[in-house]
Amino acid sequence: MSVRLNPDLRNELVRFGIGDWNACYHCGTCTAICPLSEEGFLFPRKKIRLMQMGLESQLESSVEPWLCYYCGDCTKTCPRDANPGELMMSLRRYLTSTYDWTGLSKKFYTSEVWELAWILFFAILVVISFLVVLPSFGYQYTAELTPEGGVKVNSFAPIPIVEAFDWIMALIVASLLISNIIRMYYKIIWKNSKTKVSLWVHIREFWLLIFNFAVQPKFSKCDDKRYWLSHWFLMSGYTIMFIVIVVYLPWFQTEEILPVWDPQRWLGYYATFGLLFGLTVAIIGRFRKKDVKFQFSHISDWLFLIMLTLTVITGILIHIFRINGMPMATFISYIAHMAVLVPMILIEVPFSKWSHLAYRPFAVYFTQLKKHAVPK
Amino acid sequence: MDQKDSIGFFFYNLPESMDGPIDYTALARYVEPFPEIVNIWYYSDFSWNEESIRKKIENHNLNRIIIAGSLPGTVKALFSKALTVSGRSPQSLVLVSFNKYGIRTGKDMERAKALILCAIKDIPYEIAAVPEDVPVNPATLIIGAGISGIQAALEIAGSNNLVYLLEKTGTIGGKMATFDKTFPTLDCAACILTPKMVEVNQHPSIRLMTYCQVQEVQGEAGNFSVRILQKARKVNVSTCIGCGTCAEKCPATAPSEFDAGTTMRKAIYIPFPQAVPNKYLVDAETCIYLKTGKCKACVKACPVPDCINLDEQDKEVILNVGNIIVATGYKTFDAGKMEQYGYGKFPNVLNALEFERILNASGPTGGNIHYRSQDKKGNWVFTTETEKPEKLAIIHCVGSRDKNYNKYCSRVCCMYSLKFAHLILDKLPEAEVFEYFIDMRSFGKGYEEFYERIKEEGVSIIRGKTAKVEEKNGKLLIRGEDILNSTLIENTVDMVILSTGLEPGDDNKKIGQMLGIPTTECGWFEEANYNTDPTGTFRGGIMIAGACQGPKDIPDSVAQGAAAAARVIQSILRGKVSKDISSLTLSEIEKRINELSPVI
């Protein structure tokens with residue numbers, strides 16, 4: 001079997017992150033120090049080797065970059081300052097772009113202008129919808145308050161229309177992600193001509209996917225457990241918010257002000273806390289640059305943090321203004337909220353950093369499949 | 001030259017602090033008036049690529065190029081190519097390397113100008129700048145009595161010239177005296193070294209000065225005046241019979257320096273049984289009498305009257321010598337700095353010098369490998385009472401080839417680690433030995449053959465350095481990637497030996513400043529020319545030899561000791577020695593160039 005080399009692979013990869021990866025002299029310290037590296041799934045050194053040799057197709061069919069949670073021990077102990085930890089991060093960005101059949105992911109990762117322009121485009125679309133399109137159908141801002149003194153949100157953001165839009169957006173994102181995961185599956189499992197995995201194994205190990213999505217048990221194996229916790233809060237907060245907004249919007253976006261013990265209120269508060277906690281840890285970390293995982297921020301890391309933070313802040317503002325009967329302020333913050341949220345979901349989830357919410361658990365699942373693979 | 005010279009002058013003055021305080025504007029002012037110079041460029045003037053350089057050559061019609069800077073060699077290829085592409089000979093490129101000629105500070109500006117002048121006039125600096133000869137004092141001082149210093153002393157003394165051999169510790173022999181075997185021949189180190197040590201002691205032309213340190217060096221080539229601190233031995237070397245009664249009675253103990261801390265010695269001690277001079281000395285920091293004013297057990301026990309004088313004070317001696325050889329050697333990397341290997345935390349993680357002593361028949365265990373254990377006072381020492389380990393691992397490159405510690409290769413560790421593996425199997429034939437290496441550097445005569453031999457002896461040689469040593473059920477757990485087999489191995493062993501690298505001695509900087517010889521960024525002494533003068537320095541009458549110049553094994557250290565001695569003997573035979581090259585003034589060099597120009 002012939003193997004195709006891509007001598008430009010390293011030059012392509014440096015567009016996805018920072019590292020002097022050609023400095024590596026293969027001592028194996030990084031693999032040895034990594035608590036997540038295991039028999040059959042050795043990294044980071046082997047991935048550096050593939051990168052140095054330009055073995056593009058082998059690198060694309062690697063599952064290992066997704067198994068790394070970036071504790072930074074490899075970069076700290078690397079005798080050559082080759083920065084293996086950041087290579088794994090860059091490979092995750094690179095792999096995201098190879099799974100994506102539209103080619104947009106690569107554009108977003110390698111061109112800041114491109115990414116910002118699209119974010120701006122979607123934001124403007126949202127603003128126009130609220131200021132021009134919706135009013136033309138009779139849904140517009142009103143200063144009238146509910147009998148309780150709350151803001152009439154549904155007058156300018158009618159639930160059936162917002163909900164329908166939510167579902168459309170979710171369907172687009174889901175179909176993109178699913179098609180990319182199928183490509184990922186093809187590259188990692190299907191294309192392997194030497195081994196096969198039975199259907200029964202696929203079914204039997206499926207629980208791993210859900211379990212890993214919910215808990216990230218692999219992350220907790222890193223020596224530093226703090227980031228597992230803050231990541232878990234961020235993830236659970238985000239997931240709850242996503243579900244209530246897309247699936248249960250009529251229940252969540254009410255004009256009536258419910259008591260604090262109602263699940264609508266405290267679930268929202270928990271999710272907000274979870275998001276804020278996770279975001280604070282990440283933002284402070286990236287500013288202080290003390291831990292290796294926060295030392296080399298890519299533009300996509302910052303954009304993601306900034307957009308999510310803005311979403312959370314505008315969400316909190318909507319809540320405060322709504323229950324305190326401030327219609328204009330609610331109206332403005334609602335538009336701002338949607339103007340950040342929509343581009344974030346449409347760009348970050350299928351094409352950029354957010355996509356790891358799907359790729360990581362699937363990678364763990366695929367790893368398990370590979371372990372049970374039998375020769376053809 | 002038929003055609004008139006038109007020279008393009010480039011200053012490769014790197015930004016940041018890489019260049020040190022070299023005043024490039026002053027140099028440019030010196031260069032400007034020469035009629036041959038067409039233009040001067042600085043590093044920051046343009047982007048240094050082949051295309052832009054070629055354009056400059058063609059636009060200014062340059063036929064020669066001079067690049068001056070600390071490390072102009074970095075851009076040599078760029079310029080050679082540009083010259084070739086534009087139809088000129090790459091030979092018309094002249095490099096002026098300040099680094100090569102030890103020019104680092106503003107004080108060296110005269111020499112920098114002289115170098116530039118030689119380049120402009122196309123006369124080799126070595127021909128133009130020949131310092132004058134001065135009469136030489138035939139006595140020689142050698143600082144450091146390891147194998148290199150001993151070799152140099154014996155060579156010079158063999159020509160019946162006086163040698164002062166200075167040693168910081170209580171005995172000569174240096175690091176080699178602590179080794180069991182030498183690689184790759186597996187000769188007994190002591191059998192080679194001790195006869196030389198005895199010869200040094202008995203040679204009529206060698207004045208042995210142990211327990212001494214250099215304080216100050218004055219004068220110049222041919223006539224140095226060296227102030228030496230002779231630390232109080234507190235035992236009379238001429239009357240001490242070496243019976244050891246004093247040490248038997250002495251109540252104070254300290255870790256033995258000679259045994260690399262694997263055993264305890266008394267406050268009055270002899271470094272090792274074959275020490276030269278074979279006389280006792282008192283460690284002032286451990287002695288109870290010197291701390292509290294009470295004890296004197298040794299004085300009471302000593303059979304020779306007035307031999308021990310605990311109140312003896314340090315004294316100073318002035319020596320007048322014509323040449324100095326520096327052979328101060330090295331120290332080993334402190335493995336405790338790499339916390340991940342647990343040195344200092346787990347008793348059975350050893351550094352290389354400790355393990356050398358364990359293997360040595362004159363060491364604490366008589367050459368048998370045993371676990372480290374605690375003595376009654378709680379000190380971790382080696383005795384023969386403990387069990388023997390069955391699985392041993394050797395980790396290469398500890399503190400070497402690592403940007404976090406020392407970036408250079410220590411050169412000897414691979415070979416001594418292979419030697420360790422052989423000796424372990426020699427002493428414990430049933431044992432399993434694992435070597436974790438990155439690259440095996442068996443570079444010398446017979447070294448590769450030695451490596452092949454060890455591989456055949458059944459040592460597991462694993463490519464892939466381990467990252468961590470952890471304790472598990474009282475044993476040591478090592479996790480590592482076996483790169484050649486593409487597997488992850490978790491190995492539980494009884495003993496771990498760290499192949500610690502070599503570092504410049506703590507005194508190197510101080511001695512370098514005293515003698516006016518520069519050290520490299522890593523701290524080794526800088527030689528006059530890496531290829532053609534590895535034992536010379538920029539100061540006339542001062543030579544360097546052995547591992548103080550860079551990591552070195554025994555054969556190379558001996559060769560350098562002899563080479564430095566040859567230079568000294570040459571000057572003694574001539575009766576003259578060249579002064580420092582820095583003693584030449586710019587006008588002297590200018591004058592000489594004017595004399596030479598018509599000839600060349």
# chains A, B, ... in the order shown; residues from 1 in each chain; ligands from 1
>>> residues_around(residues="segment 95-101 of chain A", least_positions_apart="2", cutoff="6 Å", atoms="only C-alpha atoms", output="JSON, numbers by chain")
{"A": [91, 92, 93, 103, 105, 106, 180, 183, 184]}
>>> write_last_selection(atoms="N, CA and C atoms", output="PDB file, in the first residue's frame")
ATOM      1  N   LEU A  91      -4.082  20.258  16.756  1.00  0.00           N
ATOM      2  CA  LEU A  91      -4.593  19.123  15.990  1.00  0.00           C
ATOM      3  C   LEU A  91      -6.106  19.012  16.127  1.00  0.00           C
ATOM      4  N   ARG A  92      -6.624  19.354  17.307  1.00  0.00           N
ATOM      5  CA  ARG A  92      -8.081  19.317  17.461  1.00  0.00           C
ATOM      6  C   ARG A  92      -8.730  20.334  16.513  1.00  0.00           C
ATOM      7  N   ARG A  93      -8.119  21.499  16.419  1.00  0.00           N
ATOM      8  CA  ARG A  93      -8.651  22.505  15.483  1.00  0.00           C
ATOM      9  C   ARG A  93      -8.539  21.990  14.056  1.00  0.00           C
ATOM     10  N   GLY A 103     -15.865  23.070   4.360  1.00  0.00           N
ATOM     11  CA  GLY A 103     -14.647  23.858   4.233  1.00  0.00           C
ATOM     12  C   GLY A 103     -14.677  25.162   5.004  1.00  0.00           C
ATOM     13  N   SER A 105     -15.024  25.549   8.256  1.00  0.00           N
ATOM     14  CA  SER A 105     -14.283  25.458   9.507  1.00  0.00           C
ATOM     15  C   SER A 105     -12.830  25.906   9.322  1.00  0.00           C
ATOM     16  N   LYS A 106     -12.206  25.437   8.254  1.00  0.00           N
ATOM     17  CA  LYS A 106     -10.820  25.798   7.992  1.00  0.00           C
ATOM     18  C   LYS A 106     -10.702  27.308   7.783  1.00  0.00           C
ATOM     19  N   ASN A 180     -20.697  15.607   9.894  1.00  0.00           N
ATOM     20  CA  ASN A 180     -19.263  15.651  10.188  1.00  0.00           C
ATOM     21  C   ASN A 180     -18.831  14.465  11.034  1.00  0.00           C
ATOM     22  N   ARG A 183     -18.376  11.583   8.882  1.00  0.00           N
ATOM     23  CA  ARG A 183     -17.053  11.668   8.231  1.00  0.00           C
ATOM     24  C   ARG A 183     -15.946  11.264   9.200  1.00  0.00           C
ATOM     25  N   MET A 184     -16.090  11.699  10.444  1.00  0.00           N
ATOM     26  CA  MET A 184     -15.113  11.354  11.472  1.00  0.00           C
ATOM     27  C   MET A 184     -15.090   9.832  11.660  1.00  0.00           C
TER      28      MET A 184
END
>>> interface_residues(of="chain B", to="chain A", cutoff="12 Å", atoms="only C-alpha atoms", output="PyMOL selection string")
chain B and resi 338-341+395-408+436-440+462-470+477-491
>>> write_last_selection(atoms="C-alpha atoms", output="PDB file, in the first residue's frame")
ATOM      1  CA  MET B 338      14.353  17.261  38.508  1.00  0.00           C
ATOM      2  CA  GLU B 339      11.700  16.487  41.080  1.00  0.00           C
ATOM      3  CA  GLN B 340       9.915  14.024  38.803  1.00  0.00           C
ATOM      4  CA  TYR B 341      12.693  11.464  39.299  1.00  0.00           C
ATOM      5  CA  ILE B 395      17.730   6.696  33.134  1.00  0.00           C
ATOM      6  CA  HIS B 396      19.875   8.570  30.637  1.00  0.00           C
ATOM      7  CA  CYS B 397      20.184  12.300  29.966  1.00  0.00           C
ATOM      8  CA  VAL B 398      19.244  13.514  33.448  1.00  0.00           C
ATOM      9  CA  GLY B 399      19.893  17.232  33.295  1.00  0.00           C
ATOM     10  CA  SER B 400      21.475  17.062  29.850  1.00  0.00           C
ATOM     11  CA  ARG B 401      20.004  17.843  26.410  1.00  0.00           C
ATOM     12  CA  ASP B 402      17.162  19.516  28.228  1.00  0.00           C
ATOM     13  CA  LYS B 403      16.341  23.165  27.674  1.00  0.00           C
ATOM     14  CA  ASN B 404      14.967  23.387  31.204  1.00  0.00           C
ATOM     15  CA  TYR B 405      18.369  22.486  32.685  1.00  0.00           C
ATOM     16  CA  ASN B 406      21.453  22.083  30.481  1.00  0.00           C
ATOM     17  CA  LYS B 407      20.918  22.114  26.768  1.00  0.00           C
ATOM     18  CA  TYR B 408      24.222  20.449  25.885  1.00  0.00           C
ATOM     19  CA  TYR B 436      16.029   4.230  29.174  1.00  0.00           C
ATOM     20  CA  PHE B 437      17.738   6.359  26.588  1.00  0.00           C
ATOM     21  CA  ILE B 438      16.950   9.005  23.975  1.00  0.00           C
ATOM     22  CA  ASP B 439      19.858   8.571  21.582  1.00  0.00           C
ATOM     23  CA  MET B 440      22.833   6.316  22.264  1.00  0.00           C
ATOM     24  CA  ILE B 462      14.708   0.911  25.702  1.00  0.00           C
ATOM     25  CA  ARG B 463      14.440   3.915  23.448  1.00  0.00           C
ATOM     26  CA  GLY B 464      12.257   6.464  25.232  1.00  0.00           C
ATOM     27  CA  LYS B 465      13.067   8.451  28.320  1.00  0.00           C
ATOM     28  CA  THR B 466      10.831   7.992  31.294  1.00  0.00           C
ATOM     29  CA  ALA B 467       9.042  10.971  32.717  1.00  0.00           C
ATOM     30  CA  LYS B 468       8.501  10.026  36.323  1.00  0.00           C
ATOM     31  CA  VAL B 469       9.627   7.737  39.109  1.00  0.00           C
ATOM     32  CA  GLU B 470       6.902   6.923  41.624  1.00  0.00           C
ATOM     33  CA  LEU B 477       7.373   2.467  39.351  1.00  0.00           C
ATOM     34  CA  ILE B 478       8.665   3.780  36.044  1.00  0.00           C
ATOM     35  CA  ARG B 479       6.331   4.576  33.180  1.00  0.00           C
ATOM     36  CA  GLY B 480       7.774   5.105  29.746  1.00  0.00           C
ATOM     37  CA  GLU B 481       7.132   4.872  26.064  1.00  0.00           C
ATOM     38  CA  ASP B 482       9.044   2.136  24.302  1.00  0.00           C
ATOM     39  CA  ILE B 483       9.355   4.050  21.066  1.00  0.00           C
ATOM     40  CA  LEU B 484      10.890   1.323  18.926  1.00  0.00           C
ATOM     41  CA  ASN B 485       8.196  -1.184  19.917  1.00  0.00           C
ATOM     42  CA  SER B 486       5.420   1.389  19.996  1.00  0.00           C
ATOM     43  CA  THR B 487       4.186   0.324  23.413  1.00  0.00           C
ATOM     44  CA  LEU B 488       3.782   1.817  26.824  1.00  0.00           C
ATOM     45  CA  ILE B 489       5.752   0.042  29.516  1.00  0.00           C
ATOM     46  CA  GLU B 490       5.161   0.256  33.234  1.00  0.00           C
ATOM     47  CA  ASN B 491       8.115  -1.186  35.020  1.00  0.00           C
TER      48      ASN B 491
END
>>> closest_residue(among="B:Met514, B:Val198, B:Ala547, B:Leu154", to="Arg411 of chain B", atoms="only C-alpha atoms")
B:Ala547
>>> residues_around(residues="Gln513 of chain B", least_positions_apart="4", cutoff="12 Å", atoms="only C-alpha atoms", output="PyMOL selection string")
chain B and resi 214-218+507-509+517-519+523+525+539
>>> residues_around(residues="Ile283 of chain A", least_positions_apart="2", cutoff="10 Å", atoms="only C-alpha atoms", output="list in words")
Gly278, Leu279, Thr280, Val281, Gly285, Arg286, Phe287, Arg288, Lys289, Phe294, Asp301, Trp302, Leu305, Ile306 and Thr309 of chain A
>>> write_last_selection(atoms="N, CA and C atoms", output="mmCIF file, in the first residue's frame")
data_model
loop_
_atom_site.group_PDB
_atom_site.id
_atom_site.type_symbol
_atom_site.label_atom_id
_atom_site.label_comp_id
_atom_site.auth_asym_id
_atom_site.auth_seq_id
_atom_site.Cartn_x
_atom_site.Cartn_y
_atom_site.Cartn_z
ATOM 1 N N GLY A 278 -17.597 28.703 35.020
ATOM 2 C CA GLY A 278 -16.673 28.159 34.022
ATOM 3 C C GLY A 278 -15.996 29.247 33.217
ATOM 4 N N LEU A 279 -16.780 30.244 32.841
ATOM 5 C CA LEU A 279 -16.225 31.337 32.037
ATOM 6 C C LEU A 279 -15.193 32.137 32.815
ATOM 7 N N THR A 280 -15.494 32.426 34.088
ATOM 8 C CA THR A 280 -14.568 33.218 34.904
ATOM 9 C C THR A 280 -13.234 32.500 35.014
ATOM 10 N N VAL A 281 -13.287 31.195 35.316
ATOM 11 C CA VAL A 281 -12.038 30.432 35.448
ATOM 12 C C VAL A 281 -11.244 30.515 34.143
ATOM 13 N N GLY A 285 -7.828 32.616 33.721
ATOM 14 C CA GLY A 285 -6.696 31.760 33.347
ATOM 15 C C GLY A 285 -5.998 32.244 32.099
ATOM 16 N N ARG A 286 -6.771 32.623 31.100
ATOM 17 C CA ARG A 286 -6.161 33.053 29.843
ATOM 18 C C ARG A 286 -5.480 34.409 29.967
ATOM 19 N N PHE A 287 -5.941 35.213 30.924
ATOM 20 C CA PHE A 287 -5.247 36.482 31.155
ATOM 21 C C PHE A 287 -3.970 36.277 31.960
ATOM 22 N N ARG A 288 -4.039 35.415 32.972
ATOM 23 C CA ARG A 288 -2.866 35.224 33.830
ATOM 24 C C ARG A 288 -1.781 34.394 33.149
ATOM 25 N N LYS A 289 -2.189 33.487 32.284
ATOM 26 C CA LYS A 289 -1.257 32.639 31.541
ATOM 27 C C LYS A 289 -0.343 31.834 32.449
ATOM 28 N N PHE A 294 -3.537 27.602 29.268
ATOM 29 C CA PHE A 294 -4.051 28.936 28.969
ATOM 30 C C PHE A 294 -2.995 29.861 28.367
ATOM 31 N N ASP A 301 -10.347 30.739 20.587
ATOM 32 C CA ASP A 301 -10.598 30.573 22.017
ATOM 33 C C ASP A 301 -11.205 31.848 22.591
ATOM 34 N N TRP A 302 -10.618 32.973 22.226
ATOM 35 C CA TRP A 302 -11.094 34.249 22.756
ATOM 36 C C TRP A 302 -12.481 34.582 22.240
ATOM 37 N N LEU A 305 -15.044 32.609 24.102
ATOM 38 C CA LEU A 305 -15.249 33.080 25.474
ATOM 39 C C LEU A 305 -16.008 34.396 25.494
ATOM 40 N N ILE A 306 -15.620 35.301 24.612
ATOM 41 C CA ILE A 306 -16.252 36.621 24.606
ATOM 42 C C ILE A 306 -17.728 36.490 24.242
ATOM 43 N N THR A 309 -19.720 34.867 27.058
ATOM 44 C CA THR A 309 -19.870 35.797 28.175
ATOM 45 C C THR A 309 -20.933 36.846 27.855
#
>>> select_by_dssp(residues="segment 41-200 of chain A", states="alpha helix (DSSP H)", output="ChimeraX atom specification")
/A:45-53,56-60,73-77,84-99,104-110,112-128,134-136,153-156,159-185,199-200
>>> atom_distance(atom1="atom CA of Glu588 of chain B", atom2="atom CA of Glu220 of chain B")
19.0 Å
>>> atom_distance(atom1="atom CA of Leu208 of chain B", atom2="atom CA of Leu229 of chain B")
13.9 Å
>>> decode(residues="segment 195-228 of chain A", atoms="C-alpha atoms", output="compact mmCIF listing (two decimals), in the first residue's frame")
# COMPACT_ATOMS: atom_id res chain seq x y z
CA THR A 195 -9.75 -4.29 11.21
CA LYS A 196 -13.52 -4.36 11.59
CA VAL A 197 -15.92 -3.72 14.44
CA SER A 198 -19.11 -5.73 14.86
CA LEU A 199 -22.51 -4.09 15.10
CA TRP A 200 -23.03 -5.58 18.55
CA VAL A 201 -19.94 -3.76 19.86
CA HIS A 202 -21.33 -0.55 18.41
CA ILE A 203 -24.54 -1.02 20.39
CA ARG A 204 -22.94 -2.36 23.55
CA GLU A 205 -20.50 0.52 23.93
CA PHE A 206 -22.97 3.25 23.04
CA TRP A 207 -23.61 4.14 26.69
CA LEU A 208 -20.01 5.41 26.85
CA LEU A 209 -20.98 8.23 24.53
CA ILE A 210 -23.70 9.51 26.83
CA PHE A 211 -21.68 8.91 29.96
CA ASN A 212 -18.69 10.79 28.57
CA PHE A 213 -20.83 13.64 27.35
CA ALA A 214 -22.37 14.06 30.79
CA VAL A 215 -19.36 13.56 33.07
CA GLN A 216 -16.08 13.77 31.07
CA PRO A 217 -14.51 11.05 33.22
CA LYS A 218 -11.29 11.18 31.16
CA PHE A 219 -10.79 14.84 31.99
CA SER A 220 -10.89 13.97 35.69
CA LYS A 221 -7.90 11.66 35.18
CA CYS A 222 -5.62 14.64 34.60
CA ASP A 223 -3.49 15.38 37.66
CA ASP A 224 -5.07 18.81 38.06
CA LYS A 225 -8.75 18.19 38.87
CA ARG A 226 -9.81 21.84 39.18
CA TYR A 227 -10.39 22.33 35.50
CA TRP A 228 -12.53 19.25 35.24
